[in-house]
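Worksheet: one structure, shown below.
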Amino acid sequence: MVTEDEVRHIARLIRLEVDENEVSRLQEHFNEILEHFHSLGKVDLAGIDPFTPEEGRSCPLREDEVHPWSGRNAAIESAPLSDGDFFKVPRIISEVESDDA
Amino acid sequence: MTLDGLGAAETASAIRNGDVTASAVIDNVFKRVNAWESQLNALITPLEERARQDAERLDRQVKDGKAAGPLYGVPVIVKDNMCTEGIPTTCGSNILEGWRPPYDAWVIRKLREAGAVIVAKSNMDEFAMGSSTEHSAHGPTSNPWDTERVPGGSSGGSAASVSAGYVPVALGSDTGGSIRQPASFCGVYGLKPTYGLVSRFGLVAFASSLDQIGPFARNMEDLALMLSVISPHDPQDATCVEGKRPDYVRSGDNASLSGLRVGIVREFLTDAVDPELVVAVRDTAAILEDAGASIVDVQLPNAGKAGLPCYYIIAPAEASSNLARYDGIRYGRREDAGDLIGQYLKTRGAGFGNEVKRRILTGTYVLSSGYYDAYYLRALKVRRLICREFDQAFGEADVILMPTTPSLPFRKGELVDDPVQMYMSDVFTLPINLAGLPGLSMYTGSSRSGLPLGVQIVAPRWEECRLLQCGRAVENALGPAPLAGGSDR
Amino acid sequence: MTKEARTIIGLEVHVQLSTQSKMFCSCSTDYIGAVPNTNICPVCLGLPGTLPVLNGKVIEFAFRAALALGSRIADRTWFHRKNYFYPDLPKAYQISQYDIPLASGGTLVIETEKGKKKIGITRLHLEEDAGKLVHEAKDGRLSGSAGSLVDYNRAGVPLVEIVSEPDLASPEEARDYVVLLRQLVRYLGISDGDMESGSLRVDANISRTFPDGRFGSKVEVKNMNSLAALEKALAYEERRQDKILKNGGAIAQETRHWDDGAGQTVSSRGKEEAHDYRYFPEPDLPPVVINESAIANIRENLPELPWEKEERFREEYFLDREEATLLVSGKNLAEYFEETVKAGADAKLAANWFRTEILRLINEGKFDPGTPPASAGNLAELLETVKEGRLSNTAAKDVWGKMLQDGCGAREAMKTLGLSEGSASGEKLRAIIEEILENQQEVVKEIHSGKDLKGKKLKFLFGLVMRETRGQADPAEVKETIEKMVR
């Protein structure tokens, strides 16, 4: 059973603003889907490996060559918010937003 | 000659030979569009001016003796989730309002190289999530056979365009049935190729391990032609397999199906399916038998029941990741909210419709910490199980016949508030995506109430030719798919 | 610091691979100093509909590192998506690796005061880099600024992440480890390995344990942008954690970043929960199936590794540890040294020469061992001259200076400087000194009458002799001979 709090938490995690009155409908929907899925609990999955879509193939590799793209100006111009050569974002309230790499 | 209802191959040939001009063909396209669009709403962005310019250029080349290309001058409509350079590509969503991609999808490039004229971007369920084309930011599309009913989805606009005779051929995308189900609902042929046959480069991703692009047509020759044009290997898509494609166009030449074993799945022909569709499957089996095939029983014990829940874990999971990039920073719609996190929340909250939100949230949940093993991982195992079932079934049959969808086209508004019931519409199509198999929905006549009947035929991976052959046999017996509403409107 | 407490450090080093193009697209990786957002394309911008295609060189470079570290390379390796939201991450996920990395296991052997120490390698995996956020606020922090600017030039640049076992026991060991790893990646030709410019980034996990059983949770430390910062930050953490534990407190398991200006680590995490990255296998990329023959090929073509070269130099050229370490610190330097020896120079003499004359110039940026201003052959010639006593050390330095300036050989430089081949020593020297003493008889008399208490006059004579011999004399010999002859 998915709780309303979990719905709010998931919405936050995926950065989706959800109205309070939507929360309970979403909760119902979640539970319906997941209940259908629970019916699969009876299926015997012993010894079955998870599906991997590209079996038998190896990742194709590219040559290490530089091919510049000419559309850069258009990309910045069509950005919703830009500043000179940069894309722009509004202020970041706290650095907890950040992550590594 | 009347241009209404002209096929793609016919059109190309006629234009190359000078029997008709590309411009005249385009005139006719927009004549039909103008006559029908207020009722159908199949198109998001008509491209009349561009199309006329393209046509003029093609006509000049004919005069210069330089006309070449299997789709020369053929008007084509493509679903609005395929990137067209400089032309709005919205995916039926508010969040991509006004976005013009700076590049063409692979399939678009291939169409242009073949001489095709892209005349419009068609309506669709938002981000390809839906089975009725009612979840679009641009309003619903109507079924040309009965405008109170849905055309199916998510490629409803493309299917309706072909059915209404705007164009002879169109492109859609299929993740859980989004080509085949609308093909069935609109009374046309629709093919979802083997996963990995057609490049997804430039197809705005919904569920990356399930999405495929495929054609709609009113006859099998055109369908094969489209497939051959869009299917060459593309190095820009690492999931697109290398290797020379078979000659799809010639595959339908051999009318005899002798030696072909056609599998029927009895579990799929129950009360849960509209009786007329069950009859349609049996009638189709009979047609194939007449052409020389033999009918066998095959089992798919879990595919029907397990496919739906398995799909509705995997597809939303991948979608939640694929749609995370829509944040108003680099492109698309942005909501101003003062700070960064507010921008994320508001932009995505305002930009996505309800069905998309539902799926994104479901997908995030099943991938989230603590739930991954119980849901996503488990679903991947079920998926492999389904693949194995098909492998086993194909040990006994060369193709498998089944309904495309359990019901006839339903009314607009009927299921839009019952998402799970709507999902049931894809119960026969989505296992095919899970197994990566090619599937064809064939037009097999109309119901007593005058609605189209579709039947689905499925083959092992890479065996599109068998599907094309069978489709030909059905077409030879029943005739090509008609224009909905005839050619006099 | 409490005695006998132990420090446990594990390092995660991100090495930026020096391929020409990015990991999944054909944009240039040359982002330093580039105009913002010029090395971008639809793929690395993550535009709708785009797909990643893997750069083969990335795999090759990663294999080199894995083989050099003695890691086990996986039969097949998958990419995973690491999902999170931040403006510098265009797709809102990073293509990375999760539970089946490219390689696992391996060791890096560092030299500590107590001798060699094996540091275990947990794993190596590949991932793409993110773009860069540029702050708008003047105080240099992102928080509270009016807005931030995003540059995607760096987005998609290939990284290999090398994770060590928590085998490092001190900030010094951590530093040694990074120095060695940096040297290795440069030797392998896979990265510039430069912390300051960001092609080598280090995150640390550090904890303390006490013999009485008290221990602290591990703390992650980031933002150490130099070796010095690494050492300082870890030393600071040791002290900080000790203080808390001594007072009976518990160490919060958190991420802290090093503030170089303030000389302290600062907590990064607020009350926000830890990230839930929702890893799942990347559906857009088939697994990389390892081709045995390609690996064998890479293995065969691996350059001599720094520690192999050091050991060989010690054995072959009878160098001591310090000399060998210095000479192999750079691959080009080591090659230049070896060529000089092969051209006939005495190894020990050459080693000394490198240590005293060349390293300084390298550090000052005036000498590039990759394209040396004096060829190995010319240097060998000079060193031979010194070895045979035909040139004093002092004179040799002048000659060397001329050689670097003019780009000429030893003989020519000596000629230009007017230095004959004969060295001023022994009989020759005595003759010169005698002549000078004769000309400086007053000075000699003063010395004899004890008026040169501070030795200034001896020095004066000494200076005259040195000038006369134009540095060809050995100063010690001159001093000794003058003193003898003055009596």
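Every chain in the structure tokens takes a letter, A first, then B, and so on in the order presented; its residues are numbered from 1, and the ligands are numbered from 1 following the presented order.
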(message) Quick check for you: according to DSSP on this backbone, which residues of chain A are classed as strand (DSSP E or B)? Reply as a VMD selection string.
(response) chain A and resid 61 to 62 82 to 83 86 to 92
Can I get the selected residues back with N, CA and C atoms, as a compact mmCIF listing (two decimals), in the first residue's frame?
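For reference, result_3.txt as written:
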# COMPACT_ATOMS: atom_id res chain seq x y z
N LEU A 61 31.01 0.72 -30.96
CA LEU A 61 31.95 1.77 -30.57
C LEU A 61 32.18 2.77 -31.69
N ARG A 62 32.45 3.99 -31.30
CA ARG A 62 32.66 5.10 -32.23
C ARG A 62 34.15 5.41 -32.31
N SER A 82 18.55 32.77 -21.10
CA SER A 82 19.99 32.67 -21.39
C SER A 82 20.64 34.01 -21.10
N ASP A 83 21.95 34.01 -21.07
CA ASP A 83 22.71 35.22 -20.77
C ASP A 83 24.03 35.13 -21.52
N PHE A 86 25.77 31.72 -22.07
CA PHE A 86 25.33 30.76 -21.06
C PHE A 86 23.84 30.50 -21.09
N PHE A 87 23.47 29.30 -20.63
CA PHE A 87 22.09 29.03 -20.23
C PHE A 87 21.98 29.55 -18.81
N LYS A 88 20.80 29.98 -18.46
CA LYS A 88 20.68 30.59 -17.14
C LYS A 88 19.61 29.89 -16.30
N VAL A 89 19.89 29.76 -15.02
CA VAL A 89 18.89 29.20 -14.11
C VAL A 89 18.70 30.16 -12.94
N PRO A 90 17.52 30.13 -12.34
CA PRO A 90 17.30 31.02 -11.21
C PRO A 90 18.11 30.60 -9.99
N ARG A 91 18.06 31.43 -8.97
CA ARG A 91 18.92 31.20 -7.83
C ARG A 91 18.64 29.87 -7.15
N ILE A 92 19.74 29.33 -6.64
CA ILE A 92 19.67 28.04 -5.97
C ILE A 92 19.62 28.32 -4.49
For the contact check between chain B and chain A, emit one row per residue of chain B within 6 Å, containing the shortest atom pair and the distance in Å rounded to one decimal, counting only C-alpha atoms, chain then rising number order, as a tab-separated table.
residue	atom	partner	partner_atom	distance
B:Pro309	CA	A:Phe37	CA	5.0
B:Arg330	CA	A:Ala79	CA	4.9
B:Tyr331	CA	A:Ala79	CA	4.9
B:Asp339	CA	A:Arg91	CA	4.9
B:Leu340	CA	A:Pro90	CA	5.2
B:Tyr344	CA	A:Arg15	CA	5.8
B:Leu345	CA	A:Glu17	CA	4.7
B:Lys346	CA	A:Glu17	CA	5.9
B:Arg348	CA	A:Leu16	CA	5.5
B:Gly349	CA	A:Glu17	CA	4.5
B:Leu380	CA	A:Pro50	CA	4.7
B:Lys381	CA	A:Pro50	CA	4.2
B:Arg384	CA	A:Phe51	CA	4.8
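The coordinates place atom CA of C:Ser191 at 14.2 Å from atom CA of C:Pro303.
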(message) Env of A:Gly56: 10 Å cut, atoms = only C-alpha atoms, seq-sep filter 6 positions within chain, self excluded. Answer as number ranges by chain.
(response) C: 286-287, 289
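Near chain C, within 6 Å and counting only C-alpha atoms, the residues of chain B are B:Phe201, B:Gly202, B:Leu203, B:Val204, B:Ala205, B:Ser208, B:Ser209, B:Ala238, B:Ala324, B:Arg325, B:Leu367, B:Ser368.
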(request) Rounded to one decimal place, report the atom CA of B:Ser184-atom CA of B:Arg218 distance in Å. (result)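 So the answer is 11.6 Å.
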Residues at most 9 Å from B:Val107, counting only C-alpha atoms, excluding those fewer than 4 positions away in the same chain, as an mmCIF file with C-alpha atoms, in the first residue's frame?
data_model
loop_
_atom_site.group_PDB
_atom_site.id
_atom_site.type_symbol
_atom_site.label_atom_id
_atom_site.label_comp_id
_atom_site.auth_asym_id
_atom_site.auth_seq_id
_atom_site.Cartn_x
_atom_site.Cartn_y
_atom_site.Cartn_z
ATOM 1 C CA MET B 82 9.687 12.630 -34.248
ATOM 2 C CA LEU B 111 11.928 9.890 -45.899
ATOM 3 C CA ARG B 112 13.339 13.068 -47.401
ATOM 4 C CA VAL B 198 14.504 1.027 -37.054
ATOM 5 C CA SER B 199 16.687 3.744 -35.550
ATOM 6 C CA ARG B 200 15.196 5.642 -32.638
ATOM 7 C CA PHE B 201 17.508 8.587 -33.169
ATOM 8 C CA GLY B 202 15.258 11.613 -33.177
ATOM 9 C CA LEU B 203 12.286 9.796 -31.675
ATOM 10 C CA ILE B 213 8.887 3.613 -35.125
ATOM 11 C CA VAL B 229 12.819 3.343 -46.549
ATOM 12 C CA ILE B 230 13.042 3.831 -42.771
ATOM 13 C CA SER B 231 14.862 0.673 -41.723
#
(request) Please provide the set of residues having any atom within 9 Å of B:Met424, restricted to only C-alpha atoms, with same-chain residues fewer than 5 positions apart removed, written as a ChimeraX atom specification. (result) /B:308,405-406,419
(request) Using DSSP on the backbone, list every residue of stretch 345-393 of chain B that comes out as alpha helix (DSSP H), and give them as number ranges by chain. (result) B: 345-351, 354-367, 378-393
Could you dump the residues just selected with N, CA and C atoms as an mmCIF file, in the first residue's frame?
data_model
loop_
_atom_site.group_PDB
_atom_site.id
_atom_site.type_symbol
_atom_site.label_atom_id
_atom_site.label_comp_id
_atom_site.auth_asym_id
_atom_site.auth_seq_id
_atom_site.Cartn_x
_atom_site.Cartn_y
_atom_site.Cartn_z
ATOM 1 N N LEU B 345 9.646 22.277 -10.126
ATOM 2 C CA LEU B 345 8.327 21.795 -9.697
ATOM 3 C C LEU B 345 7.207 22.400 -10.532
ATOM 4 N N LYS B 346 7.255 23.700 -10.719
ATOM 5 C CA LYS B 346 6.173 24.372 -11.430
ATOM 6 C C LYS B 346 6.194 24.065 -12.928
ATOM 7 N N THR B 347 7.374 24.091 -13.512
ATOM 8 C CA THR B 347 7.476 23.824 -14.954
ATOM 9 C C THR B 347 6.926 22.448 -15.274
ATOM 10 N N ARG B 348 7.356 21.478 -14.479
ATOM 11 C CA ARG B 348 6.930 20.116 -14.750
ATOM 12 C C ARG B 348 5.480 19.896 -14.331
ATOM 13 N N GLY B 349 5.099 20.544 -13.261
ATOM 14 C CA GLY B 349 3.714 20.416 -12.808
ATOM 15 C C GLY B 349 2.730 20.996 -13.808
ATOM 16 N N ALA B 350 3.091 22.146 -14.375
ATOM 17 C CA ALA B 350 2.196 22.803 -15.334
ATOM 18 C C ALA B 350 2.326 22.223 -16.730
ATOM 19 N N GLY B 351 3.504 21.743 -17.057
ATOM 20 C CA GLY B 351 3.759 21.333 -18.435
ATOM 21 C C GLY B 351 3.273 19.937 -18.794
ATOM 22 N N ASN B 354 -2.125 14.912 -16.923
ATOM 23 C CA ASN B 354 -2.349 13.959 -15.829
ATOM 24 C C ASN B 354 -1.848 12.551 -16.089
ATOM 25 N N GLU B 355 -2.061 12.050 -17.290
ATOM 26 C CA GLU B 355 -1.631 10.678 -17.569
ATOM 27 C C GLU B 355 -0.113 10.575 -17.489
ATOM 28 N N VAL B 356 0.558 11.575 -18.049
ATOM 29 C CA VAL B 356 2.016 11.584 -17.991
ATOM 30 C C VAL B 356 2.481 11.656 -16.538
ATOM 31 N N LYS B 357 1.843 12.497 -15.771
ATOM 32 C CA LYS B 357 2.230 12.606 -14.355
ATOM 33 C C LYS B 357 2.055 11.283 -13.639
ATOM 34 N N ARG B 358 0.912 10.629 -13.890
ATOM 35 C CA ARG B 358 0.656 9.348 -13.240
ATOM 36 C C ARG B 358 1.770 8.370 -13.525
ATOM 37 N N ARG B 359 2.163 8.309 -14.806
ATOM 38 C CA ARG B 359 3.169 7.326 -15.180
ATOM 39 C C ARG B 359 4.544 7.683 -14.649
ATOM 40 N N ILE B 360 4.860 8.972 -14.680
ATOM 41 C CA ILE B 360 6.160 9.388 -14.138
ATOM 42 C C ILE B 360 6.240 9.036 -12.652
ATOM 43 N N LEU B 361 5.171 9.290 -11.930
ATOM 44 C CA LEU B 361 5.178 9.004 -10.493
ATOM 45 C C LEU B 361 5.272 7.507 -10.231
ATOM 46 N N THR B 362 4.493 6.723 -10.973
ATOM 47 C CA THR B 362 4.571 5.264 -10.824
ATOM 48 C C THR B 362 5.980 4.790 -11.104
ATOM 49 N N GLY B 363 6.534 5.281 -12.189
ATOM 50 C CA GLY B 363 7.869 4.861 -12.595
ATOM 51 C C GLY B 363 8.927 5.214 -11.569
ATOM 52 N N THR B 364 8.796 6.400 -10.986
ATOM 53 C CA THR B 364 9.763 6.829 -9.972
ATOM 54 C C THR B 364 9.654 5.922 -8.749
ATOM 55 N N TYR B 365 8.437 5.618 -8.396
ATOM 56 C CA TYR B 365 8.198 4.776 -7.219
ATOM 57 C C TYR B 365 8.844 3.408 -7.379
ATOM 58 N N VAL B 366 8.623 2.771 -8.530
ATOM 59 C CA VAL B 366 9.122 1.396 -8.671
ATOM 60 C C VAL B 366 10.627 1.311 -8.813
ATOM 61 N N LEU B 367 11.280 2.465 -9.077
ATOM 62 C CA LEU B 367 12.741 2.475 -9.138
ATOM 63 C C LEU B 367 13.350 2.938 -7.821
ATOM 64 N N ARG B 378 11.819 -7.433 -10.430
ATOM 65 C CA ARG B 378 10.872 -8.517 -10.630
ATOM 66 C C ARG B 378 10.209 -8.422 -12.005
ATOM 67 N N ALA B 379 9.862 -7.215 -12.393
ATOM 68 C CA ALA B 379 9.245 -7.026 -13.707
ATOM 69 C C ALA B 379 10.193 -7.450 -14.820
ATOM 70 N N LEU B 380 11.488 -7.201 -14.646
ATOM 71 C CA LEU B 380 12.460 -7.626 -15.651
ATOM 72 C C LEU B 380 12.508 -9.146 -15.768
ATOM 73 N N LYS B 381 12.295 -9.820 -14.677
ATOM 74 C CA LYS B 381 12.269 -11.285 -14.727
ATOM 75 C C LYS B 381 11.015 -11.782 -15.422
ATOM 76 N N VAL B 382 9.911 -11.143 -15.125
ATOM 77 C CA VAL B 382 8.658 -11.509 -15.798
ATOM 78 C C VAL B 382 8.800 -11.273 -17.291
ATOM 79 N N ARG B 383 9.504 -10.185 -17.626
ATOM 80 C CA ARG B 383 9.704 -9.889 -19.039
ATOM 81 C C ARG B 383 10.462 -11.016 -19.737
ATOM 82 N N ARG B 384 11.487 -11.515 -19.073
ATOM 83 C CA ARG B 384 12.239 -12.616 -19.666
ATOM 84 C C ARG B 384 11.364 -13.856 -19.791
ATOM 85 N N LEU B 385 10.536 -14.053 -18.839
ATOM 86 C CA LEU B 385 9.609 -15.190 -18.889
ATOM 87 C C LEU B 385 8.716 -15.096 -20.117
ATOM 88 N N ILE B 386 8.210 -13.909 -20.369
ATOM 89 C CA ILE B 386 7.347 -13.696 -21.529
ATOM 90 C C ILE B 386 8.121 -13.947 -22.821
ATOM 91 N N CYS B 387 9.366 -13.466 -22.866
ATOM 92 C CA CYS B 387 10.196 -13.722 -24.052
ATOM 93 C C CYS B 387 10.338 -15.214 -24.296
ATOM 94 N N ARG B 388 10.586 -15.944 -23.219
ATOM 95 C CA ARG B 388 10.771 -17.395 -23.357
ATOM 96 C C ARG B 388 9.501 -18.063 -23.864
ATOM 97 N N GLU B 389 8.365 -17.591 -23.384
ATOM 98 C CA GLU B 389 7.095 -18.175 -23.853
ATOM 99 C C GLU B 389 6.943 -18.000 -25.345
ATOM 100 N N PHE B 390 7.278 -16.812 -25.830
ATOM 101 C CA PHE B 390 7.183 -16.594 -27.267
ATOM 102 C C PHE B 390 8.194 -17.458 -28.009
ATOM 103 N N ASP B 391 9.409 -17.550 -27.474
ATOM 104 C CA ASP B 391 10.420 -18.406 -28.102
ATOM 105 C C ASP B 391 9.887 -19.819 -28.249
ATOM 106 N N GLN B 392 9.288 -20.287 -27.181
ATOM 107 C CA GLN B 392 8.756 -21.659 -27.214
ATOM 108 C C GLN B 392 7.629 -21.775 -28.218
ATOM 109 N N ALA B 393 6.726 -20.807 -28.200
ATOM 110 C CA ALA B 393 5.591 -20.833 -29.135
ATOM 111 C C ALA B 393 6.091 -20.802 -30.573
#
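Taking only C-alpha atoms, the non-local environment of C:Ala103 within 8 Å (same-chain residues fewer than 2 positions away omitted) comprises Ala66, Ser71, Arg72, Ile73, Ala74, Pro101, Gly105, Arg123, Leu124 and His125 of chain C.
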Would you output that residue set with C-alpha atoms, as a PDB file, in the first residue's frame?
ATOM      1  CA  ALA C  66      42.776  -1.464 -15.198  1.00  0.00           C
ATOM      2  CA  SER C  71      42.465  -5.292 -11.822  1.00  0.00           C
ATOM      3  CA  ARG C  72      40.136  -7.995 -13.078  1.00  0.00           C
ATOM      4  CA  ILE C  73      38.314  -6.842 -16.166  1.00  0.00           C
ATOM      5  CA  ALA C  74      34.663  -7.925 -16.338  1.00  0.00           C
ATOM      6  CA  PRO C 101      31.823  -2.070 -13.295  1.00  0.00           C
ATOM      7  CA  GLY C 105      40.260  -5.449  -7.640  1.00  0.00           C
ATOM      8  CA  ARG C 123      36.816  -0.948  -8.619  1.00  0.00           C
ATOM      9  CA  LEU C 124      37.205   1.113 -11.754  1.00  0.00           C
ATOM     10  CA  HIS C 125      34.179   2.353 -13.570  1.00  0.00           C
TER      11      HIS C 125
END
(message) List the spatial neighbours of C:Lys243 as a PyMOL selection string - criterion: any atom at most 12 Å away, only C-alpha atoms, same-chain residues fewer than 5 positions off excluded.
(response) chain C and resi 1-2+208+216+236-238+248-251
Writer output for current selection, N, CA and C atoms, as a PDB file, in the first residue's frame:
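The resulting part_22.pdb:
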ATOM      1  N   MET C   1      46.184  14.867  19.309  1.00  0.00           N
ATOM      2  CA  MET C   1      45.769  13.616  18.693  1.00  0.00           C
ATOM      3  C   MET C   1      45.975  12.467  19.688  1.00  0.00           C
ATOM      4  N   THR C   2      44.968  11.707  19.888  1.00  0.00           N
ATOM      5  CA  THR C   2      45.057  10.574  20.832  1.00  0.00           C
ATOM      6  C   THR C   2      46.016   9.517  20.300  1.00  0.00           C
ATOM      7  N   ARG C 208      37.817   7.576  12.074  1.00  0.00           N
ATOM      8  CA  ARG C 208      38.825   7.309  13.091  1.00  0.00           C
ATOM      9  C   ARG C 208      38.351   6.172  13.993  1.00  0.00           C
ATOM     10  N   GLY C 216      34.329   6.269  14.819  1.00  0.00           N
ATOM     11  CA  GLY C 216      33.413   7.249  14.230  1.00  0.00           C
ATOM     12  C   GLY C 216      32.929   6.775  12.877  1.00  0.00           C
ATOM     13  N   TYR C 236      42.767  17.993   9.028  1.00  0.00           N
ATOM     14  CA  TYR C 236      41.732  18.738   9.754  1.00  0.00           C
ATOM     15  C   TYR C 236      40.636  17.803  10.235  1.00  0.00           C
ATOM     16  N   GLU C 237      40.208  16.919   9.349  1.00  0.00           N
ATOM     17  CA  GLU C 237      39.143  15.971   9.686  1.00  0.00           C
ATOM     18  C   GLU C 237      39.557  15.050  10.825  1.00  0.00           C
ATOM     19  N   GLU C 238      40.818  14.609  10.794  1.00  0.00           N
ATOM     20  CA  GLU C 238      41.303  13.755  11.880  1.00  0.00           C
ATOM     21  C   GLU C 238      41.115  14.470  13.204  1.00  0.00           C
ATOM     22  N   GLY C 248      32.899  12.345  23.761  1.00  0.00           N
ATOM     23  CA  GLY C 248      31.799  11.382  23.882  1.00  0.00           C
ATOM     24  C   GLY C 248      30.722  11.527  22.830  1.00  0.00           C
ATOM     25  N   GLY C 249      30.971  12.376  21.839  1.00  0.00           N
ATOM     26  CA  GLY C 249      29.950  12.562  20.816  1.00  0.00           C
ATOM     27  C   GLY C 249      30.050  11.516  19.717  1.00  0.00           C
ATOM     28  N   ALA C 250      29.149  11.629  18.765  1.00  0.00           N
ATOM     29  CA  ALA C 250      29.162  10.708  17.621  1.00  0.00           C
ATOM     30  C   ALA C 250      29.434  11.508  16.354  1.00  0.00           C
ATOM     31  N   ILE C 251      30.102  10.883  15.434  1.00  0.00           N
ATOM     32  CA  ILE C 251      30.399  11.552  14.165  1.00  0.00           C
ATOM     33  C   ILE C 251      29.192  11.414  13.258  1.00  0.00           C
TER      34      ILE C 251
END
(message) Taking only C-alpha atoms into account, name the residue in C:Thr19, C:Thr209, C:Asn352, C:Ser392 that is nearest to C:Lys246.
(response)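 Under the stated criterion, the closest residue is C:Thr209.
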(message) As an exercise, work out the distance from atom CA of B:Gly292 to atom CA of B:Ile457 in Å and give it to one decimal place.
(response)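 So the answer is 16.3 Å.
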(message) Taking only C-alpha atoms into account, name the residue in A:Glu28, A:His67, A:Gly84, A:Thr3 that is nearest to chain C.
(response)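 Under the stated criterion, the closest residue is A:His67.
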